[in-house]
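Here is the file start08.cif (mmCIF, C-alpha atoms).
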```cif
data_target
loop_
_atom_site.group_PDB
_atom_site.id
_atom_site.type_symbol
_atom_site.label_atom_id
_atom_site.label_comp_id
_atom_site.auth_asym_id
_atom_site.auth_seq_id
_atom_site.Cartn_x
_atom_site.Cartn_y
_atom_site.Cartn_z
ATOM 1 C CA MET P 21 31.166 4.476 -38.048
ATOM 2 C CA PHE P 22 33.118 5.849 -41.010
ATOM 3 C CA GLY P 23 36.597 4.332 -41.078
ATOM 4 C CA ARG P 24 35.710 1.629 -38.552
ATOM 5 C CA LYS P 25 36.607 -1.993 -39.272
ATOM 6 C CA VAL P 26 33.701 -4.432 -39.170
ATOM 7 C CA PRO P 27 33.860 -6.835 -36.205
ATOM 8 C CA SER P 28 35.497 -10.213 -36.573
ATOM 9 C CA VAL P 29 32.898 -12.920 -36.018
ATOM 10 C CA THR P 30 31.969 -16.385 -37.278
ATOM 11 C CA PHE P 31 28.536 -16.862 -38.831
ATOM 12 C CA ARG P 32 26.801 -20.267 -38.739
ATOM 13 C CA THR P 33 25.314 -20.763 -42.193
ATOM 14 C CA ARG P 34 23.489 -23.560 -43.965
ATOM 15 C CA VAL P 35 24.555 -24.344 -47.532
ATOM 16 C CA ARG P 36 23.021 -26.628 -50.116
ATOM 17 C CA ASP P 37 24.885 -29.926 -50.473
ATOM 18 C CA GLU P 38 23.710 -32.268 -53.230
ATOM 19 C CA SER P 39 25.446 -35.209 -51.545
ATOM 20 C CA ILE P 40 22.861 -35.058 -48.754
ATOM 21 C CA GLU P 41 19.683 -36.978 -49.496
ATOM 22 C CA GLY P 42 16.196 -36.163 -48.313
ATOM 23 C CA PRO P 43 14.038 -33.052 -48.040
ATOM 24 C CA ASN P 44 16.695 -30.888 -46.357
ATOM 25 C CA PRO P 45 19.909 -31.177 -48.428
ATOM 26 C CA PHE P 46 21.899 -28.613 -46.454
ATOM 27 C CA ARG P 47 24.971 -28.749 -44.219
ATOM 28 C CA TRP P 48 26.412 -26.368 -41.655
ATOM 29 C CA GLU P 49 29.226 -24.111 -42.816
ATOM 30 C CA ASN P 50 31.077 -21.517 -40.775
ATOM 31 C CA LYS P 51 31.738 -18.218 -42.576
ATOM 32 C CA THR P 52 33.916 -15.495 -41.128
ATOM 33 C CA THR P 53 33.847 -11.753 -41.473
ATOM 34 C CA ASP P 54 36.886 -12.097 -43.760
ATOM 35 C CA ASP P 55 34.996 -14.554 -45.990
ATOM 36 C CA TYR P 56 32.377 -11.886 -46.624
ATOM 37 C CA PHE P 57 34.362 -8.647 -46.581
ATOM 38 C CA LYS P 58 38.064 -9.175 -47.285
ATOM 39 C CA GLY P 59 39.171 -7.781 -50.636
ATOM 40 C CA LYS P 60 35.666 -6.705 -51.650
ATOM 41 C CA ARG P 61 33.643 -3.502 -51.780
ATOM 42 C CA VAL P 62 30.164 -4.437 -50.593
ATOM 43 C CA VAL P 63 26.893 -2.969 -49.477
ATOM 44 C CA LEU P 64 25.737 -4.350 -46.140
ATOM 45 C CA PHE P 65 22.228 -3.666 -44.935
ATOM 46 C CA SER P 66 20.582 -4.774 -41.746
ATOM 47 C CA LEU P 67 16.968 -5.023 -40.786
ATOM 48 C CA PRO P 68 14.859 -6.053 -37.782
ATOM 49 C CA GLY P 69 13.707 -9.399 -39.104
ATOM 50 C CA ALA P 70 13.033 -11.771 -41.939
ATOM 51 C CA PHE P 71 9.392 -11.994 -43.028
ATOM 52 C CA THR P 72 8.548 -8.596 -41.485
ATOM 53 C CA PRO P 73 6.491 -6.103 -43.560
ATOM 54 C CA THR P 74 8.944 -3.332 -44.531
ATOM 55 C CA CYS P 75 11.829 -5.748 -44.921
ATOM 56 C CA SER P 76 9.868 -8.128 -47.160
ATOM 57 C CA THR P 77 7.834 -5.594 -49.131
ATOM 58 C CA TYR P 78 10.447 -2.942 -49.851
ATOM 59 C CA GLN P 79 13.966 -3.304 -48.528
ATOM 60 C CA LEU P 80 15.091 -6.790 -49.610
ATOM 61 C CA PRO P 81 13.181 -6.889 -52.937
ATOM 62 C CA ASP P 82 14.376 -3.403 -53.907
ATOM 63 C CA PHE P 83 18.017 -4.299 -53.233
ATOM 64 C CA GLU P 84 17.514 -7.376 -55.446
ATOM 65 C CA LYS P 85 15.980 -5.243 -58.228
ATOM 66 C CA LEU P 86 18.788 -2.654 -58.060
ATOM 67 C CA TYR P 87 21.629 -5.188 -57.786
ATOM 68 C CA ASP P 88 22.999 -4.510 -61.281
ATOM 69 C CA ASP P 89 22.941 -0.741 -60.660
ATOM 70 C CA PHE P 90 25.082 -1.292 -57.551
ATOM 71 C CA LYS P 91 27.466 -3.523 -59.542
ATOM 72 C CA ALA P 92 27.837 -0.721 -62.106
ATOM 73 C CA LYS P 93 29.022 1.554 -59.292
ATOM 74 C CA GLY P 94 31.783 -0.840 -58.269
ATOM 75 C CA ILE P 95 29.987 -2.904 -55.632
ATOM 76 C CA ASP P 96 31.104 -6.552 -55.611
ATOM 77 C CA GLU P 97 28.345 -8.003 -53.409
ATOM 78 C CA ILE P 98 25.266 -6.967 -51.457
ATOM 79 C CA TYR P 99 24.659 -8.574 -48.074
ATOM 80 C CA CYS P 100 21.540 -8.544 -45.950
ATOM 81 C CA ILE P 101 22.159 -9.330 -42.291
ATOM 82 C CA SER P 102 19.539 -9.952 -39.647
ATOM 83 C CA VAL P 103 19.393 -11.338 -36.123
ATOM 84 C CA ASN P 104 17.762 -14.505 -37.396
ATOM 85 C CA ASP P 105 19.137 -18.043 -37.693
ATOM 86 C CA ALA P 106 20.283 -19.679 -40.922
ATOM 87 C CA PHE P 107 17.057 -21.677 -41.296
ATOM 88 C CA VAL P 108 14.920 -18.528 -41.186
ATOM 89 C CA MET P 109 17.215 -16.563 -43.498
ATOM 90 C CA ASN P 110 17.301 -19.397 -46.069
ATOM 91 C CA ALA P 111 13.514 -19.824 -45.960
ATOM 92 C CA TRP P 112 13.005 -16.062 -46.321
ATOM 93 C CA GLY P 113 15.375 -15.855 -49.290
ATOM 94 C CA LYS P 114 13.546 -18.746 -50.964
ATOM 95 C CA ALA P 115 10.116 -17.232 -50.248
ATOM 96 C CA GLN P 116 11.281 -13.876 -51.679
ATOM 97 C CA GLY P 117 12.862 -15.450 -54.777
ATOM 98 C CA ILE P 118 16.236 -13.888 -53.942
ATOM 99 C CA GLU P 119 19.003 -14.824 -56.380
ATOM 100 C CA LYS P 120 21.566 -12.003 -56.176
ATOM 101 C CA ILE P 121 21.608 -10.735 -52.583
ATOM 102 C CA LYS P 122 23.453 -12.885 -50.051
ATOM 103 C CA LEU P 123 21.641 -13.329 -46.744
ATOM 104 C CA ILE P 124 23.797 -13.512 -43.625
ATOM 105 C CA PRO P 125 22.343 -15.090 -40.474
ATOM 106 C CA ASP P 126 23.441 -13.339 -37.273
ATOM 107 C CA GLY P 127 21.544 -15.790 -35.086
ATOM 108 C CA SER P 128 23.041 -14.763 -31.755
ATOM 109 C CA GLY P 129 23.301 -11.083 -32.701
ATOM 110 C CA GLU P 130 27.069 -11.056 -32.111
ATOM 111 C CA PHE P 131 27.941 -9.077 -35.257
ATOM 112 C CA THR P 132 25.041 -6.686 -34.694
ATOM 113 C CA ARG P 133 26.017 -6.154 -31.047
ATOM 114 C CA LYS P 134 29.641 -5.479 -31.959
ATOM 115 C CA MET P 135 28.479 -3.005 -34.615
ATOM 116 C CA GLY P 136 26.584 -1.169 -31.852
ATOM 117 C CA MET P 137 23.241 -1.747 -33.569
ATOM 118 C CA LEU P 138 21.570 -4.316 -31.286
ATOM 119 C CA VAL P 139 18.293 -3.031 -29.836
ATOM 120 C CA SER P 140 15.487 -4.511 -27.793
ATOM 121 C CA LYS P 141 12.231 -4.924 -29.675
ATOM 122 C CA ASP P 142 10.385 -6.583 -26.789
ATOM 123 C CA ASN P 143 7.467 -4.229 -27.428
ATOM 124 C CA LEU P 144 6.891 -6.173 -30.673
ATOM 125 C CA GLY P 145 7.678 -9.579 -29.199
ATOM 126 C CA PHE P 146 10.952 -9.795 -31.174
ATOM 127 C CA GLY P 147 13.506 -9.676 -28.358
ATOM 128 C CA LEU P 148 16.948 -8.414 -29.392
ATOM 129 C CA ARG P 149 17.208 -7.412 -33.060
ATOM 130 C CA SER P 150 19.123 -5.072 -35.313
ATOM 131 C CA TRP P 151 18.386 -1.411 -35.813
ATOM 132 C CA ARG P 152 17.883 -0.717 -39.503
ATOM 133 C CA TYR P 153 21.063 0.534 -41.216
ATOM 134 C CA GLY P 154 23.141 0.243 -44.365
ATOM 135 C CA ALA P 155 26.843 0.625 -45.087
ATOM 136 C CA VAL P 156 29.347 0.528 -47.879
ATOM 137 C CA VAL P 157 32.201 -1.635 -46.624
ATOM 138 C CA ASN P 158 35.501 -1.532 -48.490
ATOM 139 C CA ASP P 159 37.862 -4.416 -47.635
ATOM 140 C CA GLY P 160 36.321 -4.705 -44.169
ATOM 141 C CA VAL P 161 36.314 -0.964 -43.408
ATOM 142 C CA VAL P 162 33.150 1.150 -43.314
ATOM 143 C CA GLU P 163 33.358 3.645 -46.171
ATOM 144 C CA LYS P 164 29.832 5.089 -45.880
ATOM 145 C CA TRP P 165 27.162 4.751 -43.183
ATOM 146 C CA PHE P 166 23.349 4.994 -43.510
ATOM 147 C CA GLU P 167 21.584 4.694 -40.146
ATOM 148 C CA GLU P 168 17.876 5.262 -39.652
ATOM 149 C CA GLU P 169 16.964 8.012 -37.197
ATOM 150 C CA GLY P 170 15.630 7.335 -33.719
ATOM 151 C CA TYR P 171 17.909 4.484 -32.609
ATOM 152 C CA ALA P 172 16.340 3.243 -29.379
ATOM 153 C CA ASP P 173 15.184 0.183 -27.530
ATOM 154 C CA ASN P 174 11.481 -0.563 -27.998
ATOM 155 C CA CYS P 175 11.095 2.218 -30.569
ATOM 156 C CA GLU P 176 7.420 2.860 -31.330
ATOM 157 C CA SER P 177 8.102 3.374 -35.052
ATOM 158 C CA ASP P 178 10.153 1.588 -37.705
ATOM 159 C CA PRO P 179 11.917 4.351 -39.628
ATOM 160 C CA TYR P 180 12.889 3.478 -43.191
ATOM 161 C CA GLY P 181 14.396 5.671 -45.872
ATOM 162 C CA VAL P 182 18.014 6.484 -45.061
ATOM 163 C CA SER P 183 18.985 2.806 -45.464
ATOM 164 C CA SER P 184 16.825 2.230 -48.537
ATOM 165 C CA PRO P 185 18.657 0.896 -51.587
ATOM 166 C CA GLN P 186 17.590 3.962 -53.551
ATOM 167 C CA ASN P 187 19.240 6.322 -51.042
ATOM 168 C CA ILE P 188 22.396 4.240 -50.702
ATOM 169 C CA LEU P 189 22.736 3.915 -54.484
ATOM 170 C CA ALA P 190 22.345 7.687 -54.914
ATOM 171 C CA ASN P 191 25.167 8.266 -52.410
ATOM 172 C CA ILE P 192 27.769 5.805 -53.703
ATOM 173 C CA ASP P 193 30.701 7.159 -55.640
ATOM 174 C CA GLU P 194 31.587 5.364 -58.843
ATOM 175 C CA LYS P 195 34.015 2.454 -58.697
ATOM 176 C CA GLU P 196 36.216 3.411 -55.767
ATOM 177 C CA PRO P 197 39.025 0.875 -55.506
ATOM 178 C CA VAL P 198 39.256 -1.669 -52.714
ATOM 179 C CA ALA P 199 41.471 -0.324 -49.928
ATOM 180 C CA ALA P 200 45.107 -1.362 -50.110
#
```

Rewrite the structure from the file as structure tokens, please.
Amino acid sequence: MFGRKVPSVTFRTRVRDESIEGPNPFRWENKTTDDYFKGKRVVLFSLPGAFTPTCSTYQLPDFEKLYDDFKAKGIDEIYCISVNDAFVMNAWGKAQGIEKIKLIPDGSGEFTRKMGMLVSKDNLGFGLRSWRYGAVVNDGVVEKWFEEEGYADNCESDPYGVSSPQNILANIDEKEPVAA
């Protein structure tokens, strides 16, 4: 994965819009890979699903807690991507009290598939989801890669450690410039 450009896709997101009245003041907004990655050095991490135990108990909250430590190492943004729709990702972020991490909905799994990380989790009733991984992406190019062991369809376990924020943070070099 090192040196590979992230795939070009369009993400369907929901953003708050105060001009919309009622209990659901959000509108659709398309975001592209360039919107998220161009000209930035970011940490991207992917997980099997919003509201799932490891993702909700450790991975997402720990990235939120360590956000400022990542910023100190030259990271502009931290993105969490999951094969979930925008409604689920927004509800999960709200339920988790997330303020710093940006959640990216990969509802159809297109980005995840093009990254080579789409796996079947039919054994858990999930269908197609992402394998757990993390990456440092510098101006759209993978600078560092952190993939959990055992990549497989219908894996019996849910490995977690390599893509933990603690491990990624420990393996990031200080303030590398955005690629030219």

ask   = Taking into account only C-alpha atoms, which residue in the set P:Gly136, P:Gly154, P:Pro68, P:Pro43 is nearest to Asn191 (chain P)?
value =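 Under the stated criterion, the closest residue is P:Gly154.
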
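Closest approach to Thr74 (chain P) among P:Phe107, P:Tyr180, P:Tyr87, P:Phe22 is made by P:Tyr180 (distances from only C-alpha atoms).
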
message = Using Å and a single decimal, report how far CA of Tyr153 (chain P) sits from CA of Tyr78 (chain P).
response = 14.1 Å

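Counting all atoms listed in the file and comparing P:Ala70, P:Cys75, P:Leu148, P:Val26, the residue that lies closest to Ser183 (chain P) is P:Cys75.
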
Output the residue selection produced by the PyMOL selection byres ((chain P and resi 106) around 7) on the file above, formatted as a CSV table (one decimal) with C-alpha atoms, in the frame of the given file.
```
chain,number,residue,atom,x,y,z
P,32,ARG,CA,26.8,-20.3,-38.7
P,33,THR,CA,25.3,-20.8,-42.2
P,34,ARG,CA,23.5,-23.6,-44.0
P,104,ASN,CA,17.8,-14.5,-37.4
P,105,ASP,CA,19.1,-18.0,-37.7
P,107,PHE,CA,17.1,-21.7,-41.3
P,108,VAL,CA,14.9,-18.5,-41.2
P,109,MET,CA,17.2,-16.6,-43.5
P,110,ASN,CA,17.3,-19.4,-46.1
P,125,PRO,CA,22.3,-15.1,-40.5
```

request  = Could you check how far CA of Lys141 (chain P) sits from CA of Glu167 (chain P), in Å to one decimal?
outcome  =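 Calculated distance between CA of Lys141 (chain P) and CA of Glu167 (chain P) is 17.0 Å.
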